[in-house]
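What's in query.cif: mmCIF, C-alpha atoms and all ligand atoms; chains and numbers go by the auth columns
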```cif
data_structure
#
loop_
_atom_site.group_PDB
_atom_site.id
_atom_site.type_symbol
_atom_site.label_atom_id
_atom_site.label_comp_id
_atom_site.label_asym_id
_atom_site.label_seq_id
_atom_site.Cartn_x
_atom_site.Cartn_y
_atom_site.Cartn_z
_atom_site.B_iso_or_equiv
_atom_site.auth_seq_id
_atom_site.auth_asym_id
ATOM 1 C CA MET A 1 10.387 8.232 -14.348 0.00 29 L
ATOM 2 C CA GLY A 2 9.765 7.321 -10.735 0.00 30 L
ATOM 3 C CA LYS A 3 8.411 9.836 -8.271 0.00 31 L
ATOM 4 C CA LYS A 4 11.128 11.477 -6.176 0.00 32 L
ATOM 5 C CA ILE A 5 11.097 10.698 -2.463 0.00 33 L
ATOM 6 C CA LEU A 6 13.061 12.147 0.452 0.00 34 L
ATOM 7 C CA ILE A 7 13.475 9.762 3.385 0.00 35 L
ATOM 8 C CA THR A 8 13.842 11.200 6.896 0.00 36 L
ATOM 9 C CA ASP A 9 14.777 9.028 9.869 0.00 37 L
ATOM 10 C CA ASP A 10 17.559 9.232 12.459 0.00 38 L
ATOM 11 C CA THR A 11 18.169 5.478 12.174 0.00 39 L
ATOM 12 C CA ALA A 12 20.349 4.476 9.203 0.00 40 L
ATOM 13 C CA PHE A 13 18.827 0.970 9.185 0.00 41 L
ATOM 14 C CA MET A 14 15.297 2.390 8.905 0.00 42 L
ATOM 15 C CA ARG A 15 16.355 4.686 6.047 0.00 43 L
ATOM 16 C CA LEU A 16 17.876 1.701 4.247 0.00 44 L
ATOM 17 C CA THR A 17 14.763 -0.433 4.840 0.00 45 L
ATOM 18 C CA LEU A 18 12.472 2.276 3.451 0.00 46 L
ATOM 19 C CA LYS A 19 14.827 2.898 0.514 0.00 47 L
ATOM 20 C CA ASN A 20 14.878 -0.793 -0.436 0.00 48 L
ATOM 21 C CA ILE A 21 11.095 -1.164 -0.225 0.00 49 L
ATOM 22 C CA LEU A 22 10.388 1.987 -2.218 0.00 50 L
ATOM 23 C CA GLU A 23 13.027 1.420 -4.904 0.00 51 L
ATOM 24 C CA LYS A 24 11.711 -2.103 -5.396 0.00 52 L
ATOM 25 C CA ASN A 25 8.329 -0.528 -6.091 0.00 53 L
ATOM 26 C CA GLY A 26 9.569 1.944 -8.694 0.00 54 L
ATOM 27 C CA PHE A 27 10.103 5.058 -6.596 0.00 55 L
ATOM 28 C CA GLU A 28 13.283 7.120 -6.778 0.00 56 L
ATOM 29 C CA ILE A 29 15.025 8.057 -3.515 0.00 57 L
ATOM 30 C CA VAL A 30 16.551 11.487 -4.125 0.00 58 L
ATOM 31 C CA GLY A 31 17.754 12.152 -0.595 0.00 59 L
ATOM 32 C CA GLU A 32 18.114 10.883 2.947 0.00 60 L
ATOM 33 C CA ALA A 33 17.906 13.063 6.045 0.00 61 L
ATOM 34 C CA GLU A 34 18.954 12.025 9.550 0.00 62 L
ATOM 35 C CA ASN A 35 16.992 14.761 11.333 0.00 63 L
ATOM 36 C CA GLY A 36 14.283 17.342 10.727 0.00 64 L
ATOM 37 C CA GLN A 37 16.670 20.204 10.005 0.00 65 L
ATOM 38 C CA VAL A 38 18.441 18.250 7.256 0.00 66 L
ATOM 39 C CA ALA A 39 15.013 17.302 5.864 0.00 67 L
ATOM 40 C CA VAL A 40 13.965 20.961 5.638 0.00 68 L
ATOM 41 C CA ASP A 41 17.257 21.897 3.916 0.00 69 L
ATOM 42 C CA LEU A 42 17.032 18.969 1.487 0.00 70 L
ATOM 43 C CA TYR A 43 13.375 19.708 0.745 0.00 71 L
ATOM 44 C CA ASN A 44 14.412 23.210 -0.246 0.00 72 L
ATOM 45 C CA SER A 45 17.115 22.062 -2.642 0.00 73 L
ATOM 46 C CA LEU A 46 15.592 18.816 -3.983 0.00 74 L
ATOM 47 C CA ARG A 47 11.849 19.591 -4.081 0.00 75 L
ATOM 48 C CA PRO A 48 10.857 15.912 -3.872 0.00 76 L
ATOM 49 C CA ASP A 49 7.348 14.702 -4.752 0.00 77 L
ATOM 50 C CA LEU A 50 6.994 13.192 -1.300 0.00 78 L
ATOM 51 C CA VAL A 51 8.706 13.161 2.105 0.00 79 L
ATOM 52 C CA ILE A 52 8.687 10.283 4.573 0.00 80 L
ATOM 53 C CA MET A 53 9.096 11.737 8.043 0.00 81 L
ATOM 54 C CA ASP A 54 10.089 10.158 11.360 0.00 82 L
ATOM 55 C CA ILE A 55 8.923 11.969 14.517 0.00 83 L
ATOM 56 C CA THR A 56 11.534 11.346 17.202 0.00 84 L
ATOM 57 C CA MET A 57 14.896 12.666 15.975 0.00 85 L
ATOM 58 C CA PRO A 58 17.732 14.778 17.382 0.00 86 L
ATOM 59 C CA VAL A 59 18.271 18.440 16.356 0.00 87 L
ATOM 60 C CA MET A 60 14.736 18.885 15.005 0.00 88 L
ATOM 61 C CA ASP A 61 11.742 16.577 15.491 0.00 89 L
ATOM 62 C CA GLY A 62 9.402 15.532 12.707 0.00 90 L
ATOM 63 C CA ILE A 63 6.398 17.663 13.728 0.00 91 L
ATOM 64 C CA THR A 64 8.531 20.837 13.626 0.00 92 L
ATOM 65 C CA ALA A 65 10.038 19.769 10.300 0.00 93 L
ATOM 66 C CA ILE A 66 6.560 19.167 8.784 0.00 94 L
ATOM 67 C CA THR A 67 5.516 22.670 9.874 0.00 95 L
ATOM 68 C CA LYS A 68 8.648 24.219 8.346 0.00 96 L
ATOM 69 C CA ILE A 69 8.369 22.301 5.084 0.00 97 L
ATOM 70 C CA LYS A 70 4.715 23.344 4.796 0.00 98 L
ATOM 71 C CA GLU A 71 5.839 26.980 5.215 0.00 99 L
ATOM 72 C CA ILE A 72 8.212 26.503 2.256 0.00 100 L
ATOM 73 C CA ASP A 73 5.652 24.643 0.135 0.00 101 L
ATOM 74 C CA ALA A 74 2.019 24.446 1.225 0.00 102 L
ATOM 75 C CA LYS A 75 1.491 21.600 -1.271 0.00 103 L
ATOM 76 C CA ALA A 76 4.283 19.416 0.161 0.00 104 L
ATOM 77 C CA ASN A 77 3.335 15.737 0.353 0.00 105 L
ATOM 78 C CA ILE A 78 4.442 14.295 3.700 0.00 106 L
ATOM 79 C CA ILE A 79 3.816 10.900 5.272 0.00 107 L
ATOM 80 C CA VAL A 80 4.832 10.211 8.856 0.00 108 L
ATOM 81 C CA CYS A 81 6.486 6.897 9.647 0.00 109 L
ATOM 82 C CA SER A 82 6.995 6.599 13.378 0.00 110 L
ATOM 83 C CA ALA A 83 6.962 4.097 16.212 0.00 111 L
ATOM 84 C CA MET A 84 4.849 6.390 18.322 0.00 112 L
ATOM 85 C CA GLY A 85 1.275 5.830 17.265 0.00 113 L
ATOM 86 C CA GLN A 86 -0.416 7.625 20.149 0.00 114 L
ATOM 87 C CA ARG A 87 -3.604 9.350 19.107 0.00 115 L
ATOM 88 C CA ALA A 88 -2.490 12.818 20.212 0.00 116 L
ATOM 89 C CA LEU A 89 0.708 12.592 18.202 0.00 117 L
ATOM 90 C CA VAL A 90 -1.073 11.330 15.100 0.00 118 L
ATOM 91 C CA ILE A 91 -3.505 14.249 15.318 0.00 119 L
ATOM 92 C CA GLN A 92 -0.604 16.684 15.838 0.00 120 L
ATOM 93 C CA ALA A 93 1.160 15.340 12.747 0.00 121 L
ATOM 94 C CA LEU A 94 -1.996 15.494 10.628 0.00 122 L
ATOM 95 C CA ASN A 95 -2.712 19.039 11.861 0.00 123 L
ATOM 96 C CA ALA A 96 0.834 20.053 10.884 0.00 124 L
ATOM 97 C CA GLY A 97 0.047 18.840 7.363 0.00 125 L
ATOM 98 C CA ALA A 98 0.988 15.158 7.134 0.00 126 L
ATOM 99 C CA ARG A 99 -1.137 13.150 4.705 0.00 127 L
ATOM 100 C CA ASP A 100 -0.889 9.820 6.489 0.00 128 L
ATOM 101 C CA PHE A 101 0.664 8.141 9.513 0.00 129 L
ATOM 102 C CA VAL A 102 2.355 4.735 9.215 0.00 130 L
ATOM 103 C CA VAL A 103 3.184 3.104 12.538 0.00 131 L
ATOM 104 C CA LYS A 104 6.461 1.171 12.945 0.00 132 L
ATOM 105 C CA PRO A 105 6.987 -1.685 12.683 0.00 133 L
ATOM 106 C CA PHE A 106 5.160 -1.718 9.340 0.00 134 L
ATOM 107 C CA GLN A 107 4.515 -4.168 6.523 0.00 135 L
ATOM 108 C CA ALA A 108 6.116 -3.207 3.199 0.00 136 L
ATOM 109 C CA GLU A 109 2.648 -3.104 1.578 0.00 137 L
ATOM 110 C CA ARG A 110 1.441 -0.554 4.132 0.00 138 L
ATOM 111 C CA ILE A 111 4.169 1.982 3.331 0.00 139 L
ATOM 112 C CA VAL A 112 3.890 1.378 -0.430 0.00 140 L
ATOM 113 C CA SER A 113 0.126 1.871 -0.346 0.00 141 L
ATOM 114 C CA ALA A 114 0.428 5.045 1.785 0.00 142 L
ATOM 115 C CA VAL A 115 3.029 6.498 -0.602 0.00 143 L
ATOM 116 C CA SER A 116 1.050 5.530 -3.727 0.00 144 L
ATOM 117 C CA LYS A 117 -2.151 7.012 -2.302 0.00 145 L
ATOM 118 C CA ALA A 118 -0.456 10.281 -1.322 0.00 146 L
ATOM 119 C CA LEU A 119 1.059 10.633 -4.815 0.00 147 L
ATOM 120 C CA ALA A 120 -2.143 9.730 -6.703 0.00 148 L
HETATM 121 MG MG MG B . 13.546 8.237 15.265 0.00 201 L
#
```
When written as structure tokens, how does the structure in this file appear?
Ligand SMILES: [Mg+2]
Amino acid sequence: MGKKILITDDTAFMRLTLKNILEKNGFEIVGEAENGQVAVDLYNSLRPDLVIMDITMPVMDGITAITKIKEIDAKANIIVCSAMGQRALVIQALNAGARDFVVKPFQAERIVSAVSKALA
């Protein structure tokens, strides 16, 4: 069975794009969150194998959500997928516990390889 992934992004089109790419590569999308708070709640109930996390979102940003998910489960697997690739932000995300940082716009292979590596 495919590994369970929770997709977090405030843009419906980006969630759909990620879902299509990952499903095509054998992963199972168990949930979609439109902000960090929903991601934390869904992580709690779904316990996915991996979370894809946007940074800039309303209600709760991705860095805060990573911190909260890590409080729930220190072993949580989280990859950031964000348009903002500034060094400081990447470091902040990695310090919060993200495994990798994929900068938008991305090639399908880049996200698939980041997800596969994080789940290996
Ligand atoms: Mg966003």
* Asked: Leaving out range 127-143 of chain L and any residue of its chain fewer than 5 positions from it, which residues lie within 10 Å of it when counting all atoms listed in the file, given as a VMD selection string?
  -> chain L and resid 31 33 42 45 to 46 48 to 50 52 to 53 55 78 to 82 104 to 114 117 to 119 121 to 122 148
Could you give me the centre and size, in Å to one decimal, of an axis-aligned box around all listed atoms of range 127-145 of chain L with 4 Å added on every side, as AutoDock Vina command-line options?
```
--center_x 2.4 --center_y 4.5 --center_z 4.6 --size_x 17.1 --size_y 25.3 --size_z 24.7
```
* **Nearby residues, ligand MG 201 (chain L), 9 Å, all atoms listed in the file, as a PyMOL selection string** => chain L and resi 36-39+42+62-63+82-86+89-90+110-111
* To do: Could you check which of L:Gly54, L:Gly64, L:Pro76, L:Gly59 is closest to Ile91 in chain L, using all atoms listed in the file?
  => L:Gly64
* Using CA of Glu99 in chain L and CA of Arg43 in chain L as the two end points, give the distance in Å to one decimal. => 24.7 Å
* Asked: Using all atoms listed in the file, which residues sit within 10 Å of Asp69 in chain L once same-chain residues fewer than 6 positions away are excluded, as number ranges by chain?
  -> L: 61, 75, 93, 96-97
Using only C-alpha atoms, please write the residues we just selected to a file, as a PDB file, in the coordinates of the input.
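Final output, saved to again-v4.pdb:
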```
ATOM      1  CA  ALA L  61      17.906  13.063   6.045  1.00  0.00           C
ATOM      2  CA  ARG L  75      11.849  19.591  -4.081  1.00  0.00           C
ATOM      3  CA  ALA L  93      10.038  19.769  10.300  1.00  0.00           C
ATOM      4  CA  LYS L  96       8.648  24.219   8.346  1.00  0.00           C
ATOM      5  CA  ILE L  97       8.369  22.301   5.084  1.00  0.00           C
TER       6      ILE L  97
END
```
* Calculate how many Å separate CA of Lys32 in chain L from CA of Arg115 in chain L, rounding to one decimal. => 29.3 Å
* Asked: In Å, how far is it from CA of Val58 in chain L to CA of Leu34 in chain L?
  -> 5.8 Å
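Taking all atoms listed in the file into account, Ala146 in chain L lies nearest to L:Ala126 out of the set L:Phe41, L:Ala126, L:Ala102, L:Val66.
Here the question is which of L:Asp77, L:Asn123, L:Lys47, L:Gln65 gets nearest to Gly30 in chain L using all atoms listed in the file, and that residue is L:Asp77.
Of the residues under consideration (L:Leu147, L:Leu74, L:Ile35, L:Ile94), L:Ile35 shows the shortest atom-to-atom contact distance to Glu60 in chain L when counting all atoms listed in the file.
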* Option closest in space to Ala124 in chain L, from L:Val87, L:Lys98, L:Glu56, L:Leu70 [counting all atoms listed in the file] ->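 Checking each of L:Val87, L:Lys98, L:Glu56, L:Leu70 against Ala124 in chain L, counting all atoms listed in the file, the winner is L:Lys98.
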* To do: Go through L:Leu44, L:Ala116, L:Ile100, L:Ile57 and flag the residue nearest Asn72 in chain L, using only C-alpha atoms for the distances.
  =>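 Distance minimum relative to Asn72 in chain L lands on L:Ile100.
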Because some atoms of range 130-148 of chain L are absent here, can you restore N, CA and C atoms and send them as a JSON list (two decimals), keeping the file's coordinate frame?
```json
[["chain", "number", "residue", "atom", "x", "y", "z"],
["L", 130, "VAL", "N", 2.05, 6.16, 9.23],
["L", 130, "VAL", "CA", 2.36, 4.74, 9.22],
["L", 130, "VAL", "C", 3.12, 4.41, 10.50],
["L", 131, "VAL", "N", 2.58, 3.45, 11.25],
["L", 131, "VAL", "CA", 3.18, 3.10, 12.54],
["L", 131, "VAL", "C", 4.21, 1.99, 12.37],
["L", 132, "LYS", "N", 5.41, 2.20, 12.93],
["L", 132, "LYS", "CA", 6.46, 1.17, 12.94],
["L", 132, "LYS", "C", 6.17, 0.18, 14.07],
["L", 133, "PRO", "N", 6.47, -1.09, 13.91],
["L", 133, "PRO", "CA", 6.99, -1.68, 12.68],
["L", 133, "PRO", "C", 5.86, -1.85, 11.66],
["L", 134, "PHE", "N", 6.19, -1.70, 10.38],
["L", 134, "PHE", "CA", 5.16, -1.72, 9.34],
["L", 134, "PHE", "C", 5.44, -2.83, 8.34],
["L", 135, "GLN", "N", 4.38, -3.24, 7.64],
["L", 135, "GLN", "CA", 4.51, -4.17, 6.52],
["L", 135, "GLN", "C", 4.89, -3.34, 5.29],
["L", 136, "ALA", "N", 5.70, -3.91, 4.42],
["L", 136, "ALA", "CA", 6.12, -3.21, 3.20],
["L", 136, "ALA", "C", 4.90, -2.69, 2.43],
["L", 137, "GLU", "N", 3.84, -3.50, 2.35],
["L", 137, "GLU", "CA", 2.65, -3.10, 1.58],
["L", 137, "GLU", "C", 2.00, -1.85, 2.16],
["L", 138, "ARG", "N", 2.08, -1.71, 3.47],
["L", 138, "ARG", "CA", 1.44, -0.55, 4.13],
["L", 138, "ARG", "C", 2.13, 0.75, 3.71],
["L", 139, "ILE", "N", 3.45, 0.75, 3.69],
["L", 139, "ILE", "CA", 4.17, 1.98, 3.33],
["L", 139, "ILE", "C", 4.01, 2.25, 1.83],
["L", 140, "VAL", "N", 4.06, 1.19, 1.02],
["L", 140, "VAL", "CA", 3.89, 1.38, -0.43],
["L", 140, "VAL", "C", 2.50, 1.92, -0.75],
["L", 141, "SER", "N", 1.48, 1.40, -0.06],
["L", 141, "SER", "CA", 0.13, 1.87, -0.35],
["L", 141, "SER", "C", -0.07, 3.30, 0.14],
["L", 142, "ALA", "N", 0.54, 3.67, 1.29],
["L", 142, "ALA", "CA", 0.43, 5.04, 1.78],
["L", 142, "ALA", "C", 1.11, 6.02, 0.82],
["L", 143, "VAL", "N", 2.29, 5.64, 0.32],
["L", 143, "VAL", "CA", 3.03, 6.50, -0.60],
["L", 143, "VAL", "C", 2.27, 6.64, -1.92],
["L", 144, "SER", "N", 1.78, 5.50, -2.46],
["L", 144, "SER", "CA", 1.05, 5.53, -3.73],
["L", 144, "SER", "C", -0.19, 6.39, -3.61],
["L", 145, "LYS", "N", -0.92, 6.25, -2.50],
["L", 145, "LYS", "CA", -2.15, 7.01, -2.30],
["L", 145, "LYS", "C", -1.85, 8.52, -2.22],
["L", 146, "ALA", "N", -0.79, 8.86, -1.49],
["L", 146, "ALA", "CA", -0.46, 10.28, -1.32],
["L", 146, "ALA", "C", -0.02, 10.91, -2.65],
["L", 147, "LEU", "N", 0.55, 10.11, -3.54],
["L", 147, "LEU", "CA", 1.06, 10.63, -4.82],
["L", 147, "LEU", "C", 0.01, 10.58, -5.93],
["L", 148, "ALA", "N", -1.12, 9.90, -5.66],
["L", 148, "ALA", "CA", -2.14, 9.73, -6.70],
["L", 148, "ALA", "C", -2.82, 11.05, -7.05]]
```
